[in-house]
file model15.txt (compact mmCIF, C-alpha atoms and all ligand atoms)
# COMPACT_ATOMS: atom_id res chain seq x y z
CA MET A 1 22.12 14.63 11.67
CA ASN A 2 19.84 17.29 13.07
CA TYR A 3 17.50 15.35 15.33
CA GLN A 4 15.78 18.48 16.55
CA SER A 5 13.86 18.69 13.27
CA ILE A 6 12.50 15.14 13.71
CA ILE A 7 11.74 15.13 17.43
CA LEU A 8 8.58 16.95 18.51
CA PRO A 9 9.48 20.22 20.28
CA HIS A 10 7.67 19.37 23.53
CA ILE A 11 9.61 16.10 23.72
CA TRP A 12 12.89 17.76 22.79
CA ASN A 13 12.41 20.28 25.60
CA LEU A 14 10.96 17.85 28.14
CA LYS A 15 12.52 17.78 31.56
CA PRO A 16 12.42 14.09 32.56
CA TYR A 17 10.91 12.76 35.76
CA SER A 18 13.67 12.21 38.26
CA SER A 19 13.00 9.07 40.26
CA ALA A 20 14.29 8.44 43.76
CA ARG A 21 16.69 5.82 42.43
CA ASP A 22 18.10 8.22 39.82
CA GLU A 23 19.50 10.40 42.54
CA PHE A 24 21.39 7.82 44.57
CA LYS A 25 23.07 4.99 42.70
CA GLY A 26 24.65 2.91 45.49
CA LYS A 27 23.31 -0.46 46.63
CA GLU A 28 24.20 -0.13 50.32
CA GLY A 29 22.51 2.25 52.69
CA ILE A 30 19.34 2.96 54.62
CA PHE A 31 16.77 3.58 51.93
CA LEU A 32 14.11 5.99 53.08
CA ASP A 33 13.60 7.74 49.77
CA ALA A 34 11.09 5.76 47.69
CA ASN A 35 8.25 4.88 50.07
CA GLU A 36 8.90 1.17 49.69
CA ASN A 37 7.87 -1.45 52.25
CA PRO A 38 10.97 -2.15 54.40
CA LEU A 39 9.57 -5.51 55.61
CA GLY A 40 9.95 -7.26 52.26
CA SER A 41 7.37 -9.05 50.12
CA PRO A 42 4.82 -11.82 50.76
CA LEU A 43 7.06 -14.13 48.69
CA PRO A 44 10.12 -16.32 49.25
CA VAL A 45 12.23 -13.71 47.44
CA SER A 46 11.75 -10.04 48.17
CA TRP A 47 10.83 -7.60 45.41
CA ASN A 48 10.06 -4.69 47.71
CA ARG A 49 12.69 -2.33 46.24
CA TYR A 50 12.23 -0.44 42.98
CA PRO A 51 14.35 -1.83 40.13
CA ASP A 52 17.19 -0.09 38.29
CA PRO A 53 15.37 2.38 36.00
CA MET A 54 18.19 2.22 33.43
CA GLN A 55 18.79 -1.55 33.50
CA TRP A 56 22.58 -1.08 33.48
CA GLU A 57 23.55 -4.69 34.18
CA ILE A 58 21.42 -6.00 31.33
CA LYS A 59 22.71 -3.32 28.99
CA GLU A 60 26.31 -4.24 29.76
CA GLU A 61 25.58 -7.87 28.90
CA ILE A 62 23.74 -6.95 25.70
CA SER A 63 26.54 -4.56 24.81
CA GLN A 64 28.99 -7.45 24.88
CA ILE A 65 26.76 -9.83 22.98
CA LYS A 66 25.86 -7.36 20.24
CA GLY A 67 29.10 -5.41 20.13
CA ILE A 68 27.51 -2.01 20.68
CA PRO A 69 28.13 0.63 23.41
CA VAL A 70 25.63 0.79 26.27
CA ASP A 71 24.65 4.36 25.38
CA GLN A 72 23.25 3.04 22.10
CA ILE A 73 20.90 0.55 23.76
CA PHE A 74 17.32 1.22 24.83
CA ILE A 75 15.38 -1.45 26.68
CA GLY A 76 11.62 -1.56 26.50
CA ASN A 77 8.79 -3.60 27.93
CA GLY A 78 8.73 -5.65 24.72
CA SER A 79 9.48 -4.19 21.31
CA ASP A 80 5.96 -2.86 21.39
CA GLU A 81 6.95 -0.26 23.97
CA ALA A 82 9.83 0.91 21.78
CA ILE A 83 7.54 1.17 18.73
CA ASP A 84 5.08 3.26 20.72
CA LEU A 85 7.71 5.56 22.21
CA ILE A 86 9.42 6.21 18.87
CA MET A 87 6.07 7.16 17.42
CA ARG A 88 5.24 9.45 20.31
CA MET A 89 8.58 11.25 20.13
CA THR A 90 8.23 12.01 16.40
CA CYS A 91 4.54 12.21 15.50
CA ALA A 92 1.98 14.72 16.75
CA GLY A 93 -1.10 12.68 15.88
CA SER A 94 -2.51 12.96 12.38
CA GLU A 95 -0.24 15.90 11.60
CA HIS A 96 2.49 13.34 10.88
CA SER A 97 2.59 10.01 9.13
CA ILE A 98 4.39 6.71 9.23
CA LEU A 99 4.95 4.46 6.24
CA LEU A 100 4.59 0.71 6.43
CA CYS A 101 4.75 -2.12 3.93
CA PRO A 102 2.03 -4.74 4.39
CA PRO A 103 1.71 -7.62 4.82
CA THR A 104 3.79 -7.00 7.94
CA TYR A 105 3.73 -7.00 11.74
CA GLY A 106 0.39 -5.64 12.93
CA MET A 107 1.65 -3.54 15.85
CA TYR A 108 3.02 -0.73 13.66
CA GLU A 109 -0.47 0.05 12.45
CA VAL A 110 -2.13 -0.47 15.83
CA SER A 111 0.38 1.76 17.58
CA ALA A 112 -0.08 4.45 14.91
CA SER A 113 -3.85 4.24 15.30
CA ILE A 114 -3.68 4.51 19.08
CA ASN A 115 -1.53 7.61 18.70
CA HIS A 116 -3.83 8.90 15.95
CA VAL A 117 -0.89 9.03 13.54
CA SER A 118 -1.58 8.91 9.78
CA ILE A 119 -0.61 5.71 7.99
CA ILE A 120 0.79 5.43 4.48
CA SER A 121 0.65 1.85 3.23
CA VAL A 122 2.85 0.68 0.37
CA SER A 123 2.31 -3.02 -0.23
CA LEU A 124 5.22 -5.35 -0.63
CA THR A 125 5.65 -6.74 -4.14
CA GLN A 126 4.38 -10.19 -5.12
CA GLU A 127 7.80 -11.51 -4.06
CA TYR A 128 7.32 -9.90 -0.62
CA GLN A 129 10.04 -7.34 -1.28
CA LEU A 130 10.02 -3.55 -0.84
CA ASP A 131 8.49 -1.56 -3.69
CA VAL A 132 11.26 1.02 -3.46
CA PRO A 133 10.11 3.44 -6.22
CA LYS A 134 6.57 3.48 -4.80
CA ILE A 135 7.84 3.99 -1.25
CA LEU A 136 9.98 6.93 -2.35
CA THR A 137 7.10 8.63 -4.18
CA SER A 138 4.65 7.95 -1.33
CA ILE A 139 6.70 9.69 1.35
CA GLU A 140 5.08 12.96 2.35
CA GLU A 141 6.63 16.07 3.82
CA ASN A 142 5.42 15.10 7.30
CA THR A 143 6.35 11.42 7.14
CA ARG A 144 8.49 10.67 10.19
CA ILE A 145 9.01 6.89 10.25
CA ILE A 146 9.40 4.09 7.73
CA PHE A 147 8.98 0.59 9.17
CA ILE A 148 10.92 -2.26 7.60
CA CYS A 149 10.58 -5.72 9.09
CA SER A 150 13.33 -8.14 8.08
CA PRO A 151 12.95 -11.11 8.24
CA ASN A 152 9.35 -10.10 7.72
CA ASN A 153 6.38 -11.31 9.72
CA PRO A 154 4.12 -13.02 8.49
CA THR A 155 5.90 -13.84 5.23
CA GLY A 156 9.18 -15.10 6.78
CA ASN A 157 11.51 -13.84 4.04
CA LYS A 158 14.35 -11.39 4.47
CA ILE A 159 14.14 -8.05 2.70
CA ASN A 160 16.78 -7.37 0.03
CA ARG A 161 19.61 -5.52 1.74
CA ALA A 162 20.27 -3.27 -1.24
CA ASP A 163 16.66 -2.04 -1.12
CA ILE A 164 16.99 -1.22 2.58
CA TYR A 165 20.16 0.79 1.87
CA GLN A 166 18.31 2.74 -0.79
CA ILE A 167 15.52 3.64 1.63
CA ILE A 168 17.85 4.67 4.45
CA GLN A 169 19.95 6.76 2.07
CA GLN A 170 16.95 8.50 0.51
CA PHE A 171 14.86 9.07 3.65
CA GLN A 172 16.65 11.70 5.73
CA GLN A 173 13.62 13.52 7.18
CA GLY A 174 12.86 10.89 9.81
CA PHE A 175 13.75 7.44 11.12
CA VAL A 176 13.91 4.11 9.36
CA ILE A 177 13.06 1.43 11.88
CA ILE A 178 14.44 -1.97 10.99
CA ASP A 179 12.62 -4.60 13.03
CA GLU A 180 14.89 -7.61 13.41
CA ALA A 181 12.74 -9.73 15.74
CA TYR A 182 13.74 -12.87 13.81
CA ILE A 183 17.34 -11.98 12.93
CA ASP A 184 18.82 -14.80 15.06
CA PHE A 185 17.25 -17.41 12.78
CA SER A 186 18.73 -15.79 9.67
CA ASP A 187 22.18 -15.77 8.12
CA GLU A 188 21.69 -12.07 7.39
CA PRO A 189 23.91 -9.70 9.43
CA SER A 190 22.12 -7.20 11.67
CA PHE A 191 21.87 -3.56 10.66
CA ILE A 192 23.43 -2.72 14.04
CA VAL A 193 26.76 -2.63 12.19
CA GLU A 194 25.43 0.27 10.06
CA LEU A 195 24.30 2.56 12.87
CA GLU A 196 27.53 4.53 12.81
CA LYS A 197 27.09 5.30 9.13
CA TYR A 198 23.33 5.91 9.14
CA PRO A 199 22.19 8.01 12.13
CA ASN A 200 18.57 7.89 10.88
CA VAL A 201 18.34 4.13 11.52
CA ILE A 202 16.83 2.50 14.60
CA VAL A 203 17.28 -1.26 14.85
CA MET A 204 14.83 -3.24 16.97
CA GLN A 205 15.34 -6.70 18.40
CA THR A 206 13.61 -8.72 21.08
CA LEU A 207 14.21 -11.52 23.57
CA SER A 208 10.75 -12.93 22.76
CA LYS A 209 11.70 -15.27 19.93
CA ALA A 210 15.10 -17.02 19.65
CA TYR A 211 16.04 -16.19 23.25
CA GLY A 212 12.91 -17.94 24.53
CA LEU A 213 11.87 -15.18 26.96
CA ALA A 214 8.57 -13.90 25.54
CA SER A 215 6.84 -13.82 28.91
CA LEU A 216 9.51 -11.64 30.54
CA ARG A 217 8.76 -8.82 28.05
CA LEU A 218 12.04 -7.35 26.93
CA GLY A 219 12.61 -5.56 23.66
CA MET A 220 15.66 -3.61 22.51
CA ALA A 221 16.18 -0.59 20.31
CA PHE A 222 19.65 0.30 19.04
CA ALA A 223 20.34 3.80 17.76
CA HIS A 224 22.52 6.91 18.00
CA PRO A 225 23.17 7.91 21.67
CA GLN A 226 21.15 11.11 21.24
CA VAL A 227 18.09 9.13 20.15
CA ILE A 228 18.50 6.67 23.02
CA GLN A 229 18.70 9.59 25.46
CA ILE A 230 15.33 10.87 24.29
CA LEU A 231 13.72 7.42 24.51
CA ASN A 232 15.04 7.10 28.07
CA LYS A 233 13.62 10.49 28.89
CA ILE A 234 10.07 9.60 27.79
CA LYS A 235 9.81 5.98 28.95
CA PRO A 236 7.94 5.16 32.16
CA PRO A 237 10.68 5.39 34.84
CA TYR A 238 10.61 1.73 35.91
CA ASN A 239 9.54 0.13 32.65
CA ILE A 240 11.36 -3.17 33.24
CA GLY A 241 10.41 -4.97 36.44
CA GLY A 242 13.00 -6.30 38.85
CA ALA A 243 12.02 -9.94 38.33
CA THR A 244 12.47 -9.54 34.58
CA GLN A 245 15.83 -7.86 35.06
CA THR A 246 17.09 -10.61 37.36
CA LEU A 247 15.93 -13.45 35.12
CA VAL A 248 17.06 -11.83 31.87
CA LEU A 249 20.52 -11.26 33.30
CA GLN A 250 20.74 -14.95 34.21
CA ALA A 251 19.46 -15.99 30.79
CA LEU A 252 21.90 -13.80 28.88
CA LYS A 253 24.83 -15.48 30.58
CA ASN A 254 23.75 -18.80 29.07
CA ARG A 255 24.99 -18.25 25.51
CA GLU A 256 24.64 -21.95 24.62
CA PHE A 257 20.85 -21.91 24.75
CA LEU A 258 20.48 -19.42 21.92
CA ILE A 259 22.93 -21.19 19.64
CA ASN A 260 21.37 -24.60 20.30
CA SER A 261 17.79 -23.49 19.96
CA VAL A 262 18.41 -21.66 16.70
CA LYS A 263 20.07 -24.75 15.29
CA GLN A 264 17.34 -27.10 16.50
CA ILE A 265 14.52 -24.87 15.31
CA ASN A 266 16.09 -24.35 11.90
CA ASP A 267 16.60 -28.12 11.57
CA ALA A 268 13.01 -28.79 12.61
CA LYS A 269 11.87 -26.16 10.13
CA ASN A 270 13.64 -27.88 7.25
CA THR A 271 12.14 -31.23 8.26
CA LEU A 272 8.67 -29.68 8.46
CA ILE A 273 9.10 -28.11 5.04
CA SER A 274 10.11 -31.41 3.45
CA MET A 275 7.09 -33.11 5.04
CA LEU A 276 4.69 -30.43 3.80
CA GLU A 277 6.18 -30.63 0.30
CA ARG A 278 4.76 -34.16 0.09
CA ILE A 279 1.18 -32.92 0.51
CA PRO A 280 -0.38 -32.24 -2.93
CA GLN A 281 -2.80 -29.62 -1.51
CA VAL A 282 0.12 -27.48 -0.40
CA ILE A 283 0.30 -24.84 -3.11
CA GLN A 284 3.38 -23.00 -1.92
CA ILE A 285 5.82 -22.88 0.97
CA TYR A 286 7.48 -19.49 1.15
CA PRO A 287 11.20 -19.28 1.94
CA SER A 288 11.72 -18.58 5.62
CA HIS A 289 14.49 -16.83 7.55
CA ALA A 290 12.44 -17.02 10.74
CA ASN A 291 11.06 -19.60 13.17
CA PHE A 292 7.80 -19.89 11.24
CA ILE A 293 6.73 -20.64 7.71
CA LEU A 294 3.97 -19.17 5.60
CA VAL A 295 2.24 -21.90 3.64
CA LYS A 296 -0.39 -21.58 0.93
CA PHE A 297 -2.98 -24.37 1.10
CA GLU A 298 -6.04 -25.42 -0.83
CA ARG A 299 -9.13 -24.70 1.36
CA ALA A 300 -6.96 -22.87 3.89
CA GLN A 301 -9.81 -21.53 6.02
CA GLU A 302 -11.38 -24.99 6.38
CA LEU A 303 -8.02 -26.53 7.20
CA PHE A 304 -7.33 -23.87 9.81
CA ASP A 305 -10.74 -24.47 11.47
CA ASN A 306 -10.20 -28.21 11.38
CA LEU A 307 -6.79 -27.89 13.05
CA ILE A 308 -8.21 -25.63 15.75
CA SER A 309 -10.97 -28.14 16.48
CA GLN A 310 -8.18 -30.63 17.20
CA LYS A 311 -6.32 -28.15 19.40
CA ILE A 312 -3.58 -27.43 16.87
CA ILE A 313 -3.38 -23.68 16.76
CA THR A 314 -1.82 -21.97 13.77
CA ARG A 315 -2.23 -18.41 12.51
CA ASN A 316 -4.70 -17.96 9.70
CA ARG A 317 -3.48 -15.21 7.36
CA SER A 318 -5.78 -16.15 4.49
CA ASN A 319 -7.74 -12.91 4.78
CA VAL A 320 -4.61 -10.75 4.61
CA ALA A 321 -3.84 -9.12 1.26
CA LEU A 322 -1.00 -10.93 -0.57
CA CYS A 323 -1.33 -13.86 1.85
CA GLU A 324 -4.52 -15.31 0.37
CA SER A 325 -5.11 -18.96 1.33
CA SER A 326 -2.07 -18.90 3.59
CA ILE A 327 -1.47 -20.06 7.12
CA ARG A 328 1.49 -19.05 9.26
CA ILE A 329 2.91 -22.00 11.15
CA THR A 330 5.35 -21.56 14.03
CA VAL A 331 8.00 -24.28 14.06
CA GLY A 332 7.36 -26.45 17.11
CA LEU A 333 9.11 -29.46 18.60
CA PRO A 334 9.69 -32.32 16.13
CA ASP A 335 6.78 -34.37 17.51
CA GLU A 336 4.49 -31.32 17.44
CA ASN A 337 5.39 -30.72 13.80
CA GLN A 338 4.80 -34.40 13.09
CA ALA A 339 1.35 -34.20 14.73
CA LEU A 340 0.52 -31.16 12.61
CA PHE A 341 1.63 -32.98 9.46
CA GLN A 342 -0.56 -36.01 10.30
CA LYS A 343 -3.62 -33.83 10.91
CA ILE A 344 -3.13 -31.96 7.66
CA LYS A 345 -2.81 -35.24 5.77
CA GLU A 346 -5.97 -36.59 7.43
CA PHE A 347 -7.86 -33.41 6.59
CA TYR A 348 -7.16 -33.75 2.88
CA SER A 349 -7.68 -37.54 2.69
C1 LIG A 401 7.23 -11.06 17.79
C2 LIG A 401 7.61 -9.79 17.15
C3 LIG A 401 8.10 -8.73 17.90
C4 LIG A 401 8.33 -8.90 19.38
O1 LIG A 401 7.57 -8.14 20.16
P1 LIG A 401 7.82 -8.14 21.74
O2 LIG A 401 6.92 -7.04 22.15
O3 LIG A 401 9.27 -7.83 21.96
O4 LIG A 401 7.45 -9.48 22.26
C5 LIG A 401 8.50 -7.57 17.27
N1 LIG A 401 8.42 -7.46 15.94
C6 LIG A 401 7.95 -8.47 15.18
C7 LIG A 401 7.93 -8.32 13.72
C8 LIG A 401 7.53 -9.64 15.76
O5 LIG A 401 7.05 -10.63 15.00
call {"tool": "encode", "arguments": {"input": "model15.txt", "output": "structure tokens"}}
result
Amino acid sequence: MNYQSIILPHIWNLKPYSSARDEFKGKEGIFLDANENPLGSPLPVSWNRYPDPMQWEIKEEISQIKGIPVDQIFIGNGSDEAIDLIMRMTCAGSEHSILLCPPTYGMYEVSASINHVSIISVSLTQEYQLDVPKILTSIEENTRIIFICSPNNPTGNKINRADIYQIIQQFQQGFVIIDEAYIDFSDEPSFIVELEKYPNVIVMQTLSKAYGLASLRLGMAFAHPQVIQILNKIKPPYNIGGATQTLVLQALKNREFLINSVKQINDAKNTLISMLERIPQVIQIYPSHANFILVKFERAQELFDNLISQKIITRNRSNVALCESSIRITVGLPDENQALFQKIKEFYS
């Protein structure tokens, strides 16, 4: 694949900032290169030294977990950083466009707007699937990215794999980003296994959901080594703080937590669904491959306000096209889900 035609020329030709810690890799020595405070930090643990700009230790762990070489892993300050960087490396403001399929994750549009990139919207179908023919006819000459979120937020369903293959086979003029933030809750295999075959694909995952590390801010992008090299070149040099690196490394060594939490959350989700099915004012519960469910209620707005007034916070999506009268509910602990169920019942009684 000829990436030079997709990457903006000034990015392609950019000479990256060389940080002090890029030039000397050892851990031992007298460090007088980075203007750090040699006395330490006003904390029990010292964070006075700059962190590893390339996050090698984390990448090696992720490489093992995901079965992908380290040179195909980019680590960002949340997936949001990866979304932003991919946009900035391919789109010169309104000269280029991205294509997205609402209802979907809001950051694609926000990031495009911040970067003044044009947005082509092709709604999902009534079944929350890709409208492949419409997507293919809506692509313009200067379209550089197609965003596919699977399992999709806020609808919770997975996108038909055959449709995704069609898009990645047909769209060769830019990148197809497959956002797999919720993949750990699904039985669907990751598209990481297809990167070899489809060099125009970028897969995104995050530690914010199933891994239980939202506050540490760590998102991953998996792609061809050449694409990863460019992302590394344009990221802020120390985009992942040392505290995050230390804690994430510890967390990744505990493989049990992920397996257990996915199982418990999926069990709790099924229990919550069967409870909600007993409420007559529940119009529809959409199938979910994530850790949340989209539920269509009678008087959704009123219900949402009522829940908030009792400090039960859900996500009102009832003003979003194709999600009319629907509320997105994150699966909580069993007793939290039970409390929610009781309050919904009381509201309708
Ligand atoms: C939650 C979520 C993310 C995660 O974003 P982070 O910045 O990594 O916390 C990414 N994509 C989707 C669709 C999400 O719902």
call {"tool": "residues_near_point", "arguments": {"input": "model15.txt", "point": "(-4.6, -33.5, 4.3)", "cutoff": "9 Å", "atoms": "all atoms listed in the file", "output": "list in words"}}
result
Ile279, Pro280, Gln281, Val282, Leu303, Phe341, Gln342, Lys343, Ile344, Lys345, Glu346, Phe347, Tyr348 and Ser349 of chain A
call {"tool": "residues_around", "arguments": {"input": "model15.txt", "residues": "segment 154-169 of chain A", "least_positions_apart": "4", "cutoff": "7 Å", "atoms": "only C-alpha atoms", "output": "count of residues only"}}
result
16
call {"tool": "closest_atom_pairs", "arguments": {"input": "model15.txt", "of": "chain A", "to": "ligand LIG 401 (chain A)", "cutoff": "9 Å", "atoms": "only C-alpha atoms and all ligand atoms", "output": "CSV"}}
result
residue,atom,partner,partner_atom,distance
A:Gly76,CA,A:LIG401,O3,8.1
A:Asn77,CA,A:LIG401,O2,7.0
A:Gly78,CA,A:LIG401,O2,3.4
A:Ser79,CA,A:LIG401,O3,3.7
A:Asp80,CA,A:LIG401,O2,4.4
A:Glu81,CA,A:LIG401,O2,7.0
A:Ala82,CA,A:LIG401,O2,8.5
A:Ile83,CA,A:LIG401,C5,8.9
A:Thr104,CA,A:LIG401,C7,7.2
A:Tyr105,CA,A:LIG401,C7,4.8
A:Gly106,CA,A:LIG401,C7,8.0
A:Met107,CA,A:LIG401,N1,7.8
A:Tyr108,CA,A:LIG401,N1,8.9
A:Cys149,CA,A:LIG401,C7,5.9
A:Ser150,CA,A:LIG401,C7,7.8
A:Pro151,CA,A:LIG401,C7,7.9
A:Asn152,CA,A:LIG401,C7,6.4
A:Asn153,CA,A:LIG401,C7,5.2
A:Pro154,CA,A:LIG401,O5,7.5
A:Asp179,CA,A:LIG401,N1,5.9
A:Glu180,CA,A:LIG401,N1,6.9
A:Ala181,CA,A:LIG401,N1,4.9
A:Tyr182,CA,A:LIG401,O5,7.2
A:Met204,CA,A:LIG401,C5,7.7
A:Gln205,CA,A:LIG401,C5,7.0
A:Thr206,CA,A:LIG401,O3,4.5
A:Leu207,CA,A:LIG401,O3,6.4
A:Ser208,CA,A:LIG401,O4,4.8
A:Lys209,CA,A:LIG401,C1,6.5
A:Leu213,CA,A:LIG401,O4,8.6
A:Ala214,CA,A:LIG401,O4,5.6
A:Ser215,CA,A:LIG401,O4,8.0
A:Leu216,CA,A:LIG401,O4,8.8
A:Arg217,CA,A:LIG401,O4,6.0
A:Leu218,CA,A:LIG401,O3,5.7
A:Gly219,CA,A:LIG401,O3,4.4
A:Met220,CA,A:LIG401,O3,7.7
call {"tool": "closest_residue", "arguments": {"input": "model15.txt", "among": "A:Ile183, A:Val45, A:Met1, A:Val331", "to": "Thr271 of chain A", "atoms": "only C-alpha atoms"}}
result
A:Val331
call {"tool": "closest_residue", "arguments": {"input": "model15.txt", "among": "A:Ile62, A:Ile308, A:Ala321, A:Leu272", "to": "Arg255 of chain A", "atoms": "only C-alpha atoms"}}
result
A:Ile62
call {"tool": "residues_near_point", "arguments": {"input": "model15.txt", "point": "(1.2, -23.0, -0.1)", "cutoff": "12 Å", "atoms": "only C-alpha atoms", "output": "ChimeraX atom specification"}}
result
/A:155,273,276-287,293-300,317-318,323-329
call {"tool": "closest_residue", "arguments": {"input": "model15.txt", "among": "A:Ala223, A:Val262, A:Ile240, A:Leu39", "to": "Ile58 of chain A", "atoms": "all atoms listed in the file"}}
result
A:Ile240
call {"tool": "atom_distance", "arguments": {"input": "model15.txt", "atom1": "atom CA of Ser190 of chain A", "atom2": "atom CA of Ile139 of chain A"}}
result
25.1 Å
call {"tool": "atom_distance", "arguments": {"input": "model15.txt", "atom1": "atom CA of Phe304 of chain A", "atom2": "atom CA of Met275 of chain A"}}
result
17.8 Å
call {"tool": "atom_distance", "arguments": {"input": "model15.txt", "atom1": "atom CA of Tyr238 of chain A", "atom2": "atom CA of Val193 of chain A"}}
result
29.0 Å
call {"tool": "axis_aligned_box", "arguments": {"input": "model15.txt", "around": "segment 133-150 of chain A", "padding_each_side": "6 Å", "output": "JSON"}}
result
{"center_x": 9.0, "center_y": 4.0, "center_z": 2.0, "size_x": 20.7, "size_y": 36.2, "size_z": 28.5}
call {"tool": "closest_residue", "arguments": {"input": "model15.txt", "among": "A:Ile68, A:Leu340, A:Leu99, A:Ala210", "to": "Glu256 of chain A", "atoms": "all atoms listed in the file"}}
result
A:Ala210
call {"tool": "decode", "arguments": {"input": "model15.txt", "residues": "segment 215-221 of chain A", "atoms": "all heavy atoms", "output": "CSV table (one decimal), in the first residue's frame"}}
result
chain,number,residue,atom,x,y,z
A,215,SER,N,-9.4,5.8,34.3
A,215,SER,CA,-8.8,7.0,34.8
A,215,SER,C,-7.3,7.1,34.5
A,215,SER,O,-6.7,8.2,34.5
A,215,SER,CB,-8.9,7.0,36.4
A,215,SER,OG,-8.3,8.2,36.9
A,216,LEU,N,-6.7,6.0,34.1
A,216,LEU,CA,-5.2,6.0,33.8
A,216,LEU,C,-5.0,6.5,32.4
A,216,LEU,O,-3.9,7.0,32.0
A,216,LEU,CB,-4.6,4.6,33.9
A,216,LEU,CG,-4.6,4.1,35.4
A,216,LEU,CD1,-3.8,2.8,35.4
A,216,LEU,CD2,-3.9,5.1,36.3
A,217,ARG,N,-6.1,6.5,31.5
A,217,ARG,CA,-6.0,7.1,30.2
A,217,ARG,C,-5.0,6.3,29.3
A,217,ARG,O,-3.9,6.8,29.1
A,217,ARG,CB,-5.7,8.6,30.2
A,217,ARG,CG,-6.5,9.5,31.1
A,217,ARG,CD,-8.0,9.3,30.8
A,217,ARG,NE,-8.3,9.6,29.4
A,217,ARG,CZ,-9.1,8.8,28.7
A,217,ARG,NH1,-9.6,7.7,29.2
A,217,ARG,NH2,-9.4,9.0,27.4
A,218,LEU,N,-5.4,5.2,28.8
A,218,LEU,CA,-4.5,4.5,27.9
A,218,LEU,C,-5.3,3.8,26.8
A,218,LEU,O,-6.2,2.9,27.0
A,218,LEU,CB,-3.7,3.4,28.6
A,218,LEU,CG,-2.5,2.9,27.7
A,218,LEU,CD1,-1.2,2.9,28.4
A,218,LEU,CD2,-2.8,1.6,27.1
A,219,GLY,N,-5.1,4.3,25.6
A,219,GLY,CA,-5.8,3.7,24.4
A,219,GLY,C,-4.7,3.1,23.4
A,219,GLY,O,-3.5,3.5,23.5
A,220,MET,N,-5.1,2.2,22.6
A,220,MET,CA,-4.2,1.5,21.7
A,220,MET,C,-4.7,1.6,20.3
A,220,MET,O,-5.9,1.5,20.0
A,220,MET,CB,-4.1,0.0,22.1
A,220,MET,CG,-3.6,-0.2,23.5
A,220,MET,SD,-4.0,-1.9,24.1
A,220,MET,CE,-5.7,-1.7,24.6
A,221,ALA,N,-3.7,1.8,19.4
A,221,ALA,CA,-4.1,1.6,18.0
A,221,ALA,C,-3.1,0.6,17.4
A,221,ALA,O,-1.9,0.6,17.7
A,221,ALA,CB,-3.9,3.0,17.2
